Amino acid sequence: MDELKLYTYIAVLGTFALYFGIAIWARAASTSEFYVAGSGIGPVQNGMAIGADWMSAASFISMAGLIAFSGYGGSVFLMGWTGGYVLLAMCLAPYMRQHGKFTVPEFISDRFYSKNARIVAVICLIIASVTYIIGQMKGVGVTFSRFLEIKYEAGLYAGMFIVWVYAVLGGMKGITYTQIAQYCVLIFAYTIPAIFISLQLTGNPIPQLGLGSTLSDDSGVYLLDKLDMVVTDLGFKEYTTDNMGGTLNMFAYTMSLMIGTAGLPHVIMRFFTVPSAKAARASAGYALVFIAILYTVAPAVGAMARYNLMDTIEPTPGEHLVYDERPQWFKDWESTGLLKFDDKNSDGKIQYLADAEVNEMVKVDPDIMVLANPAIANLPNWVIALVAAGGLAAALSTAAGLLLAISSAISHDLLKGVWMPDLSEKNELLIGRITMTLSVLLAGYLGLNPPDFAAGTVALAFGLAASSIFPALMMGIFSKKMNNKAAIAGMCAGIGVTMLYVFQHKGIMFIPGTSFMAGMDENWFLGISPNAFGVVGAIVNFAVAFTVMRFTDEAPAEIQAMVDRFRSPQSEQLASADH
Amino acid sequence: MAGKTTYWQENLRLICICLVIWFVVAYVFGILLVEPLNAIRLGGYKLGFWIAQQGSIYSFVGLIFWYSHKMNQLDKKYRVEQD
């Protein structure tokens, strides 16, 4: 076994032992502990756990790679996945915590006094969470296949097994404490290589500043200017201005991700674990601080990875890397099938150009960029091993949170809430664990047939959360008179429109054979890509709901009184003083 | 009852201020006006590009903490009146 593999095994197995240890130590005994960790987590710890839950395989593995190949266009992910926390902190989390229940569908069912609303919310939640989990499974598969040198499928099965053991043991209490450890692992694993690479390229150890600095090769040229020059010379779009399908698409994409973030049930659920509305606001702030550490480093990682990749393949203009002299990382990634070379002009050298006719780098999967980055930059082996452990921490922590959201929706909302109200707590826990198992199997199947690269898959989940759950919650909190019929009609219309658009382009339920229309620009509504369509679905949702409300009765007085109660923390104190 | 309405109204006013800033930074500066802003340089960064990939995120963090702080003051103010 070589040194790198040894270090990787130490890092991966070491962190796994830590997670399992915590999961066993903090095992959930009651449903309250299983779903919301007994509502006793402090804001800073909760912020850190939200950070780990939030930063998925997409954030850790895929995002910087997407930025590397889309340049300025990658800003949609950076702004979209952080800006949603502003909405959460101000418009949703404090009031939902104030209301004081376990799950998002439960809130919707109370607010819209309807079991049907709860069922619709559960369906939205499951579709969004399952789509989201595919990205995590793919991330796990990629990491395992590369670092432990097993097939992608085998890596995926290994990942499924670990996630399963881990989530079923933990419950929310275990998951929260484990996620705090996972946050530390993943942020360390992400920033250390970035600091090394930033130092190498610019001499500045802070990646956020390094990205705006001059190259340390005495040329005095700024890194970003050089990168712009290199990529445009090869026919690619300019790095700092490439705007990903136009201004309207970027606008819609960013908005979809933001309101999707605010509508993702596994994130909102985290705010039920803190003691008060005040703590919910503070948690959102701390969560975003912990998230921002990674998100402000990511653009530097992306740009520097792209620069290093270009520089390796074509060190000086016109002088190309000879294929037989390719570095070890190149061979390693070729063996996973995520990097492919085709010597079209048979000169034994690698030509990497924008023009598909002559480009010989026929496949460069954006997902490999973060994982390959340390090797491309010749960093020491222990750093590469650390990245593997970080990628797995990111994927596993998010998968656990999602599985919990899915299982709570089925066991708590559907079975206990709708079909079997007298279900005992013990059986509810058991059913929660069984549902998790089934969800893992489904996610694994979809992970083998992924519709897009990991962050792309996740972006679809956001569209669905944005078009259904976010508008329902907003109307529930901000429109006192909103009634059950209008809210349900809105949710169905929103998610219906979005799913139709997504499936038309990506294939029904993402099954590859039916996705032949993928990427056909002329089919895209106003030039908006399927991933950016959530905001259109949300607008449809709002429009339908307010139209139906005009023709139906307003919400009953006791529901309006309930809205008053969760809008203001003081009124709850008054209410509890009455008891 | 009047006190409650005002608490909610003051909260709404704060939310509006924050969301206007949120929208202007991310959508107006980061996307709509990115090209003119790119004419201004911030070291090696073009300003519009910097806002979209760095500045907006810092401003989101600042906004949430500012809002939390103001809301804690509001909680205090109304609790004092209640007592």
# chains A, B, ... in the order shown; residues from 1 in each chain; ligands from 1
call {"tool": "interface_residues", "arguments": {"of": "chain B", "to": "chain A", "cutoff": "8 Å", "atoms": "only C-alpha atoms", "output": "PyMOL selection string"}}
result
chain B and resi 4+7-8+15+22+26-27+31-32+42-46+49+52-54+56-58+60-61+63-65+67-68+72+75+78-79
call {"tool": "write_last_selection", "arguments": {"atoms": "C-alpha atoms", "output": "PDB file, in the first residue's frame"}}
result
ATOM      1  CA  LYS B   4     -48.974  43.341  19.673  1.00  0.00           C
ATOM      2  CA  TYR B   7     -44.526  44.742  17.639  1.00  0.00           C
ATOM      3  CA  TRP B   8     -45.441  42.961  14.408  1.00  0.00           C
ATOM      4  CA  ILE B  15     -37.676  42.966   7.545  1.00  0.00           C
ATOM      5  CA  TRP B  22     -30.429  42.050   0.425  1.00  0.00           C
ATOM      6  CA  ALA B  26     -27.321  40.441  -4.639  1.00  0.00           C
ATOM      7  CA  TYR B  27     -29.565  41.189  -7.600  1.00  0.00           C
ATOM      8  CA  ILE B  31     -26.326  40.576 -11.415  1.00  0.00           C
ATOM      9  CA  LEU B  32     -28.136  43.484 -13.124  1.00  0.00           C
ATOM     10  CA  LEU B  42     -10.717  46.284  -6.311  1.00  0.00           C
ATOM     11  CA  GLY B  43      -7.114  45.052  -6.439  1.00  0.00           C
ATOM     12  CA  GLY B  44      -7.168  42.072  -8.787  1.00  0.00           C
ATOM     13  CA  TYR B  45     -10.949  41.834  -8.576  1.00  0.00           C
ATOM     14  CA  LYS B  46     -13.451  43.508 -10.852  1.00  0.00           C
ATOM     15  CA  PHE B  49     -17.405  40.059  -9.804  1.00  0.00           C
ATOM     16  CA  ALA B  52     -21.174  38.467  -6.661  1.00  0.00           C
ATOM     17  CA  GLN B  53     -18.572  36.019  -5.316  1.00  0.00           C
ATOM     18  CA  GLN B  54     -17.505  37.593  -2.007  1.00  0.00           C
ATOM     19  CA  SER B  56     -22.738  39.661  -1.092  1.00  0.00           C
ATOM     20  CA  ILE B  57     -22.002  36.797   1.313  1.00  0.00           C
ATOM     21  CA  TYR B  58     -20.391  39.126   3.873  1.00  0.00           C
ATOM     22  CA  PHE B  60     -25.831  38.589   4.231  1.00  0.00           C
ATOM     23  CA  VAL B  61     -24.011  37.679   7.460  1.00  0.00           C
ATOM     24  CA  LEU B  63     -27.738  41.666   7.801  1.00  0.00           C
ATOM     25  CA  ILE B  64     -28.794  38.659   9.892  1.00  0.00           C
ATOM     26  CA  PHE B  65     -26.797  39.779  12.928  1.00  0.00           C
ATOM     27  CA  TYR B  67     -31.664  42.080  12.375  1.00  0.00           C
ATOM     28  CA  SER B  68     -31.191  39.727  15.359  1.00  0.00           C
ATOM     29  CA  ASN B  72     -33.666  41.532  20.669  1.00  0.00           C
ATOM     30  CA  ASP B  75     -38.305  42.067  22.496  1.00  0.00           C
ATOM     31  CA  TYR B  78     -42.193  45.302  24.498  1.00  0.00           C
ATOM     32  CA  ARG B  79     -41.500  43.162  27.512  1.00  0.00           C
TER      33      ARG B  79
END
call {"tool": "residues_around", "arguments": {"residues": "Glu558 in chain A", "least_positions_apart": "6", "cutoff": "12 Å", "atoms": "only C-alpha atoms", "output": "VMD selection string"}}
result
chain A and resid 110 to 113 480 to 481 564 to 565
call {"tool": "write_last_selection", "arguments": {"atoms": "N, CA and C atoms", "output": "PDB file, in the first residue's frame"}}
result
ATOM      1  N   ASP A 110     -51.193  22.524  10.837  1.00  0.00           N
ATOM      2  CA  ASP A 110     -51.811  23.351  11.880  1.00  0.00           C
ATOM      3  C   ASP A 110     -52.297  24.672  11.303  1.00  0.00           C
ATOM      4  N   ARG A 111     -51.428  25.298  10.501  1.00  0.00           N
ATOM      5  CA  ARG A 111     -51.736  26.635   9.992  1.00  0.00           C
ATOM      6  C   ARG A 111     -52.907  26.598   9.004  1.00  0.00           C
ATOM      7  N   PHE A 112     -52.942  25.535   8.184  1.00  0.00           N
ATOM      8  CA  PHE A 112     -54.002  25.466   7.183  1.00  0.00           C
ATOM      9  C   PHE A 112     -55.098  24.480   7.596  1.00  0.00           C
ATOM     10  N   TYR A 113     -55.114  24.156   8.900  1.00  0.00           N
ATOM     11  CA  TYR A 113     -56.158  23.324   9.521  1.00  0.00           C
ATOM     12  C   TYR A 113     -56.677  22.247   8.578  1.00  0.00           C
ATOM     13  N   LYS A 480     -52.554  36.537   7.206  1.00  0.00           N
ATOM     14  CA  LYS A 480     -53.357  35.956   8.274  1.00  0.00           C
ATOM     15  C   LYS A 480     -54.611  35.273   7.734  1.00  0.00           C
ATOM     16  N   LYS A 481     -55.155  35.820   6.641  1.00  0.00           N
ATOM     17  CA  LYS A 481     -56.440  35.333   6.147  1.00  0.00           C
ATOM     18  C   LYS A 481     -56.322  34.164   5.174  1.00  0.00           C
ATOM     19  N   ASP A 564     -51.353  35.158  15.204  1.00  0.00           N
ATOM     20  CA  ASP A 564     -50.899  36.218  16.109  1.00  0.00           C
ATOM     21  C   ASP A 564     -49.958  35.678  17.166  1.00  0.00           C
ATOM     22  N   ARG A 565     -50.262  34.481  17.658  1.00  0.00           N
ATOM     23  CA  ARG A 565     -49.426  33.917  18.720  1.00  0.00           C
ATOM     24  C   ARG A 565     -48.025  33.621  18.234  1.00  0.00           C
TER      25      ARG A 565
END
call {"tool": "atom_distance", "arguments": {"atom1": "CA of Ser397 in chain A", "atom2": "CA of Leu186 in chain A"}}
result
10.0 Å
call {"tool": "atom_distance", "arguments": {"atom1": "CA of Ala17 in chain A", "atom2": "CA of Glu425 in chain A"}}
result
29.9 Å
call {"tool": "residues_around", "arguments": {"residues": "Leu47 in chain B", "least_positions_apart": "5", "cutoff": "8 Å", "atoms": "only C-alpha atoms", "output": "list in words"}}
result
Leu37, Asn38, Ala39, Ile40, Arg41 and Leu42 of chain B
call {"tool": "closest_residue", "arguments": {"among": "A:Ile259, A:Ala493, A:Ile150, A:Ala303", "to": "Asp332 in chain A", "atoms": "only C-alpha atoms"}}
result
A:Ile150
